[in-house]
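One file, target_39.txt, carrying compact mmCIF, C-alpha atoms and all ligand atoms:
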```txt
# COMPACT_ATOMS: atom_id res chain seq x y z
CA MET S 2 6.12 15.86 15.83
CA LYS S 3 3.71 14.31 18.36
CA ALA S 4 3.24 10.51 18.18
CA LYS S 5 -0.27 9.31 17.33
CA ARG S 6 -2.30 6.13 16.84
CA SER S 7 -3.37 5.09 13.37
CA GLU S 8 -6.92 4.08 12.53
CA TRP S 9 -8.45 1.44 10.27
CA ILE S 10 -9.98 2.85 7.09
CA GLU S 11 -12.74 0.71 5.60
CA SER S 12 -14.19 0.73 2.10
CA TRP S 13 -16.84 -1.41 0.39
CA GLU S 14 -17.41 -2.16 -3.28
CA ILE S 15 -19.71 -4.37 -5.31
CA VAL S 16 -18.03 -6.25 -8.16
CA PHE S 17 -19.75 -5.30 -11.45
CA PRO S 18 -19.34 -7.09 -14.79
CA ASN S 19 -16.95 -4.38 -16.04
CA ASP S 20 -14.60 -5.17 -13.09
CA ALA S 21 -14.26 -8.78 -14.27
CA ASN S 22 -12.04 -10.76 -16.63
CA PRO S 23 -13.57 -13.04 -19.31
CA HIS S 24 -13.97 -15.82 -16.67
CA GLY S 25 -16.39 -13.73 -14.61
CA THR S 26 -13.96 -13.17 -11.73
CA MET S 27 -12.56 -9.84 -10.63
CA PHE S 28 -9.57 -8.51 -12.56
CA GLY S 29 -6.51 -8.40 -10.24
CA GLY S 30 -5.50 -4.90 -11.33
CA ARG S 31 -8.94 -3.58 -10.43
CA LEU S 32 -8.65 -5.01 -6.92
CA MET S 33 -5.16 -3.50 -6.58
CA ALA S 34 -6.59 -0.08 -7.49
CA VAL S 35 -9.24 -0.40 -4.75
CA MET S 36 -6.54 -1.39 -2.26
CA ASP S 37 -4.25 1.46 -3.32
CA LYS S 38 -7.06 4.02 -2.93
CA THR S 39 -8.07 2.80 0.53
CA ALA S 40 -4.39 2.72 1.56
CA ALA S 41 -3.92 6.27 0.24
CA ILE S 42 -6.76 7.49 2.46
CA ALA S 43 -5.24 5.74 5.50
CA ALA S 44 -1.79 7.23 4.74
CA SER S 45 -2.94 10.79 4.04
CA LYS S 46 -5.23 10.84 7.11
CA PHE S 47 -2.40 9.64 9.33
CA ALA S 48 0.14 12.06 7.82
CA GLU S 49 -2.39 14.91 7.64
CA LYS S 50 -0.80 15.59 4.23
CA LEU S 51 -1.03 14.36 0.66
CA ALA S 52 0.55 10.94 0.24
CA VAL S 53 1.70 9.09 -2.89
CA THR S 54 2.31 5.39 -3.46
CA ALA S 55 6.07 4.79 -3.62
CA SER S 56 5.94 0.99 -4.04
CA THR S 57 3.98 -2.13 -3.26
CA GLU S 58 5.03 -5.59 -2.23
CA ALA S 59 4.14 -8.77 -4.08
CA MET S 60 0.48 -9.76 -3.77
CA ASP S 61 -1.11 -13.20 -3.52
CA PHE S 62 -4.72 -13.57 -4.59
CA MET S 63 -5.97 -16.46 -2.45
CA HIS S 64 -9.58 -16.72 -3.70
CA PRO S 65 -11.27 -15.63 -6.92
CA VAL S 66 -13.72 -12.76 -6.38
CA LYS S 67 -16.92 -13.20 -8.37
CA VAL S 68 -19.21 -10.68 -10.08
CA GLY S 69 -21.85 -9.68 -7.51
CA ASP S 70 -19.58 -10.22 -4.51
CA ARG S 71 -19.13 -7.48 -1.94
CA ILE S 72 -15.53 -6.44 -1.32
CA GLN S 73 -14.46 -5.12 2.07
CA THR S 74 -11.06 -3.40 2.15
CA LEU S 75 -9.39 -2.44 5.43
CA ALA S 76 -6.25 -0.32 5.52
CA LYS S 77 -4.07 0.92 8.38
CA VAL S 78 -0.68 2.63 8.75
CA VAL S 79 1.47 0.06 10.58
CA TRP S 80 4.97 1.56 10.30
CA VAL S 81 6.35 5.06 9.82
CA GLY S 82 9.76 6.52 8.98
CA ARG S 83 10.62 10.21 8.68
CA THR S 84 8.42 10.91 5.65
CA SER S 85 7.28 7.41 4.63
CA MET S 86 4.64 4.97 5.84
CA VAL S 87 3.82 1.31 5.36
CA VAL S 88 0.09 0.64 5.05
CA LYS S 89 -1.29 -2.86 5.59
CA VAL S 90 -4.34 -3.69 3.47
CA ASP S 91 -6.65 -6.68 4.08
CA VAL S 92 -9.33 -7.63 1.55
CA TYR S 93 -12.35 -9.87 2.17
CA ALA S 94 -15.06 -10.95 -0.29
CA GLU S 95 -18.63 -11.69 0.78
CA ASN S 96 -21.22 -13.57 -1.23
CA PRO S 97 -24.46 -11.55 -0.78
CA LEU S 98 -26.67 -14.67 -0.96
CA THR S 99 -24.76 -17.23 1.12
CA HIS S 100 -23.01 -14.59 3.34
CA LYS S 101 -19.86 -16.68 2.97
CA ARG S 102 -16.84 -14.47 3.70
CA VAL S 103 -13.34 -15.24 2.47
CA HIS S 104 -9.95 -13.60 2.95
CA CYS S 105 -8.76 -12.64 -0.56
CA THR S 106 -5.43 -10.99 0.09
CA THR S 107 -3.26 -9.00 2.46
CA ALA S 108 -0.58 -6.71 1.08
CA HIS S 109 1.56 -3.77 2.15
CA PHE S 110 1.84 -0.47 0.30
CA ASN S 111 4.62 2.07 0.81
CA PHE S 112 3.54 5.71 0.85
CA VAL S 113 5.45 8.99 1.09
CA ALA S 114 3.89 12.18 2.47
CA LEU S 115 4.42 15.30 0.37
CA ASP S 116 4.47 19.00 1.15
CA GLN S 117 2.83 21.72 -0.98
CA GLU S 118 5.81 21.68 -3.37
CA GLY S 119 5.60 17.90 -3.82
CA ARG S 120 8.69 17.14 -1.72
CA PRO S 121 8.79 14.38 0.95
CA ALA S 122 7.46 15.90 4.19
CA THR S 123 7.83 14.82 7.82
CA ILE S 124 4.98 12.93 9.46
CA PRO S 125 3.97 12.14 13.06
CA GLU S 126 5.54 9.20 14.86
CA LEU S 127 3.38 6.10 15.23
CA LEU S 128 2.19 4.86 18.62
CA VAL S 129 2.61 1.07 18.70
CA GLU S 130 0.78 -0.27 21.72
CA THR S 131 -0.89 -3.64 21.27
CA GLU S 132 0.67 -7.04 20.54
CA GLU S 133 -0.99 -7.04 17.10
CA GLU S 134 0.43 -3.57 16.36
CA ARG S 135 3.92 -4.76 17.37
CA ARG S 136 3.64 -7.79 15.05
CA ASP S 137 2.40 -5.62 12.15
CA PHE S 138 5.23 -3.16 12.80
CA GLU S 139 7.89 -5.92 12.61
CA ILE S 140 6.48 -7.31 9.33
CA ALA S 141 6.26 -3.81 7.85
CA GLU S 142 9.89 -3.13 8.74
CA ILE S 143 10.88 -6.12 6.57
CA VAL S 144 8.58 -4.93 3.75
CA LYS S 145 10.14 -1.47 3.86
CA ARG S 146 13.73 -2.76 3.91
CA LYS S 147 13.08 -5.09 0.97
CA ALA S 148 11.39 -2.31 -1.03
CA LEU S 149 14.45 -0.07 -0.67
CA GLU S 150 16.86 -2.92 -1.54
CA ARG S 151 14.83 -3.71 -4.66
CA LYS S 152 14.68 -0.03 -5.67
CA ARG S 153 18.44 0.35 -5.21
CA LYS S 154 19.16 -2.71 -7.39
CA ILE S 155 16.73 -1.60 -10.12
CA LEU S 156 18.28 1.89 -10.21
CA GLU S 157 21.83 0.42 -10.34
CA THR S 158 20.84 -1.88 -13.21
CA GLU S 159 19.19 0.96 -15.11
CA LYS S 160 22.23 3.21 -14.56
CA SER S 161 24.68 0.61 -15.89
CA ARG S 162 22.36 -0.11 -18.86
CA GLN S 163 22.35 3.59 -19.74
CA GLU S 164 26.15 3.83 -19.36
CA THR S 165 26.55 0.87 -21.74
CA THR S 166 24.13 2.47 -24.25
CA ASP S 167 25.97 5.82 -24.05
CA GLU S 168 29.37 4.25 -24.86
C1 LIG D 201 8.10 8.27 -3.88
C2 LIG D 201 8.87 9.56 -4.08
C3 LIG D 201 8.10 10.74 -3.44
C4 LIG D 201 10.22 9.42 -3.36
O1 LIG D 201 10.93 10.60 -3.61
P1 LIG D 201 12.52 10.64 -3.41
O2 LIG D 201 12.96 12.05 -3.59
O3 LIG D 201 13.16 9.58 -4.24
O4 LIG D 201 12.61 10.23 -1.94
P2 LIG D 201 13.82 10.08 -0.95
O5 LIG D 201 14.88 9.16 -1.51
O6 LIG D 201 14.24 11.44 -0.47
O7 LIG D 201 13.08 9.32 0.24
C5 LIG D 201 11.95 9.89 0.89
C6 LIG D 201 11.26 8.79 1.63
O8 LIG D 201 10.64 7.92 0.67
C7 LIG D 201 11.00 6.57 0.95
N1 LIG D 201 11.00 5.85 -0.32
C8 LIG D 201 11.50 6.29 -1.51
N2 LIG D 201 11.27 5.37 -2.46
C9 LIG D 201 10.63 4.34 -1.85
C10 LIG D 201 10.15 3.09 -2.32
N3 LIG D 201 10.26 2.73 -3.61
N4 LIG D 201 9.54 2.27 -1.44
C11 LIG D 201 9.39 2.63 -0.15
N5 LIG D 201 9.82 3.82 0.36
C12 LIG D 201 10.45 4.65 -0.51
C13 LIG D 201 12.38 6.67 1.58
O9 LIG D 201 12.69 5.50 2.32
C14 LIG D 201 12.22 7.89 2.45
O10 LIG D 201 11.53 7.52 3.63
P3 LIG D 201 11.86 8.18 5.08
O11 LIG D 201 11.84 9.68 4.92
O12 LIG D 201 10.76 7.70 5.96
O13 LIG D 201 13.21 7.67 5.48
C15 LIG D 201 9.15 9.87 -5.59
O14 LIG D 201 9.96 8.84 -6.14
C16 LIG D 201 7.87 9.98 -6.39
O15 LIG D 201 7.23 11.02 -6.40
N6 LIG D 201 7.47 8.91 -7.06
C17 LIG D 201 6.23 8.87 -7.83
C18 LIG D 201 5.06 8.54 -6.90
C19 LIG D 201 3.76 8.41 -7.64
O16 LIG D 201 3.45 9.22 -8.50
N7 LIG D 201 3.01 7.37 -7.32
C20 LIG D 201 1.77 7.08 -7.95
C21 LIG D 201 1.92 5.96 -8.94
S1 LIG D 201 2.52 6.48 -10.49
```
Translate the structure of the given file into structure tokens.
Ligand SMILES: CC(C)(COP(=O)(O)OP(=O)(O)OC[C@H]1O[C@@H](n2cnc3c(N)ncnc32)[C@H](O)[C@@H]1OP(=O)(O)O)[C@@H](O)C(=O)NCCC(=O)NCCS
Amino acid sequence: MKAKRSEWIESWEIVFPNDANPHGTMFGGRLMAVMDKTAAIAASKFAEKLAVTASTEAMDFMHPVKVGDRIQTLAKVVWVGRTSMVVKVDVYAENPLTHKRVHCTTAHFNFVALDQEGRPATIPELLVETEEERRDFEIAEIVKRKALERKRKILETEKSRQETTDE
């Protein structure tokens, strides 16, 4: 399949009271959902197929996001395998009155492209051209390797737990 460049996908949200925890700051799970959705659009546009979230890496929330803030989410495919992609997602919060902008989090999401029957499907290769793209690619390679290691260990643990239960 022909190699192609990936593009940044951008989304904006306003934080409403029902997005917040009892302290008036945005609920982490709500922000993760916004990130996952924007990443899904980046992945499916790149793959030109449906794409599902296979896993995510750990996420650090650097700044609380307040009710009324604007949230900018930027997502881009930074690594590809045969059927899988790593999408980098950056989130910034902007105060609409002071215009102060802060970096809230950056995290990587692993996606897998699917065919019409829901099976993993091949995707285009990724063109990595700039220095920033090379750096992102190297980080994503680590993210991907760690995700597969973690999955393997979880599945092994679950298998041995089931074998013990079945005895
Ligand atoms: C993700 C999913 C499609 C993988 O299917 P699978 O049959 O186990 O996949 P395979 O082992 O054949 O691997 C296919 C690709 O997925 C990648 N992959 C599988 N699990 C992964 C994980 N946890 N993290 C990152 N990549 C993963 C593999 O590395 C492989 O990539 P490659 O083709 O680029 O080498 C499948 O587990 C699934 O459908 N999960 C549910 C997804 C979903 O519903 N997400 C929404 C949240 S509930």
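Rounded to one decimal, CA of Val90 in chain S and CA of Thr107 in chain S lie 5.5 Å from each other.
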Taking into account all atoms listed in the file, which residue in the set S:Ala40, S:Val81, S:Ile15, S:Ala21 is nearest to Glu126 in chain S?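 Selected residue with least distance to Glu126 in chain S: S:Val81.
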For Val129 in chain S, which residue among S:Arg31, S:Val79, S:Gly25, S:Trp13 is the nearest when counting only C-alpha atoms? S:Val79
Surroundings of ligand LIG 201 (chain D) up to 8 Å, based on only C-alpha atoms and all ligand atoms, as a PyMOL selection string: chain S and resi 53-57+81-87+111-115+119-123+145+148-149+151-152
S:Ala4, S:Val92, S:Leu128, S:Ile10: which is nearest Met63 in chain S, counting only C-alpha atoms?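 Counting only C-alpha atoms, the residue closest to Met63 in chain S is S:Val92.
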Applying 7 Å and all atoms listed in the file, which residues near Pro125 in chain S remain after dropping the ones on its own chain fewer than 3 positions away? List them as a short mmCIF file (atom, residue, chain, number, x, y, z; two decimals) with C-alpha atoms, in the coordinates of the input.
```
data_model
loop_
_atom_site.label_atom_id
_atom_site.label_comp_id
_atom_site.auth_asym_id
_atom_site.auth_seq_id
_atom_site.Cartn_x
_atom_site.Cartn_y
_atom_site.Cartn_z
CA MET S 2 6.12 15.86 15.83
CA LYS S 3 3.71 14.31 18.36
CA ALA S 4 3.24 10.51 18.18
CA LYS S 5 -0.27 9.31 17.33
CA ALA S 48 0.14 12.06 7.82
#
```
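The shortest atom-to-atom distance to Asp116 in chain S, with all atoms listed in the file taken into account, belongs to S:Ala52 out of S:Ala52, S:Ala141, S:Val68, S:Met27.
Here CA of Asp37 in chain S is placed at a distance of 13.9 Å from CA of Leu51 in chain S.
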What's around Pro23 in chain S at 12 Å? Count all atoms listed in the file, leave out sequence neighbours fewer than 5 positions away in its own chain, and write the answer as an mmCIF file with C-alpha atoms, in the coordinates of the input.
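Below you can see around-v1.cif, which holds the result:
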```cif
data_model
loop_
_atom_site.group_PDB
_atom_site.id
_atom_site.type_symbol
_atom_site.label_atom_id
_atom_site.label_comp_id
_atom_site.auth_asym_id
_atom_site.auth_seq_id
_atom_site.Cartn_x
_atom_site.Cartn_y
_atom_site.Cartn_z
ATOM 1 C CA PRO S 18 -19.340 -7.090 -14.790
ATOM 2 C CA PHE S 28 -9.570 -8.510 -12.560
ATOM 3 C CA LYS S 67 -16.920 -13.200 -8.370
ATOM 4 C CA VAL S 68 -19.210 -10.680 -10.080
#
```
Using Å and a single decimal, report how far CA of Glu49 in chain S sits from CA of Gln73 in chain S.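 Distance reported for this atom pair: 24.0 Å.
Closest approach to His104 in chain S from the set S:Glu130, S:Asp61, S:Glu157, S:Glu11 is made by S:Asp61, with distances taken over only C-alpha atoms.
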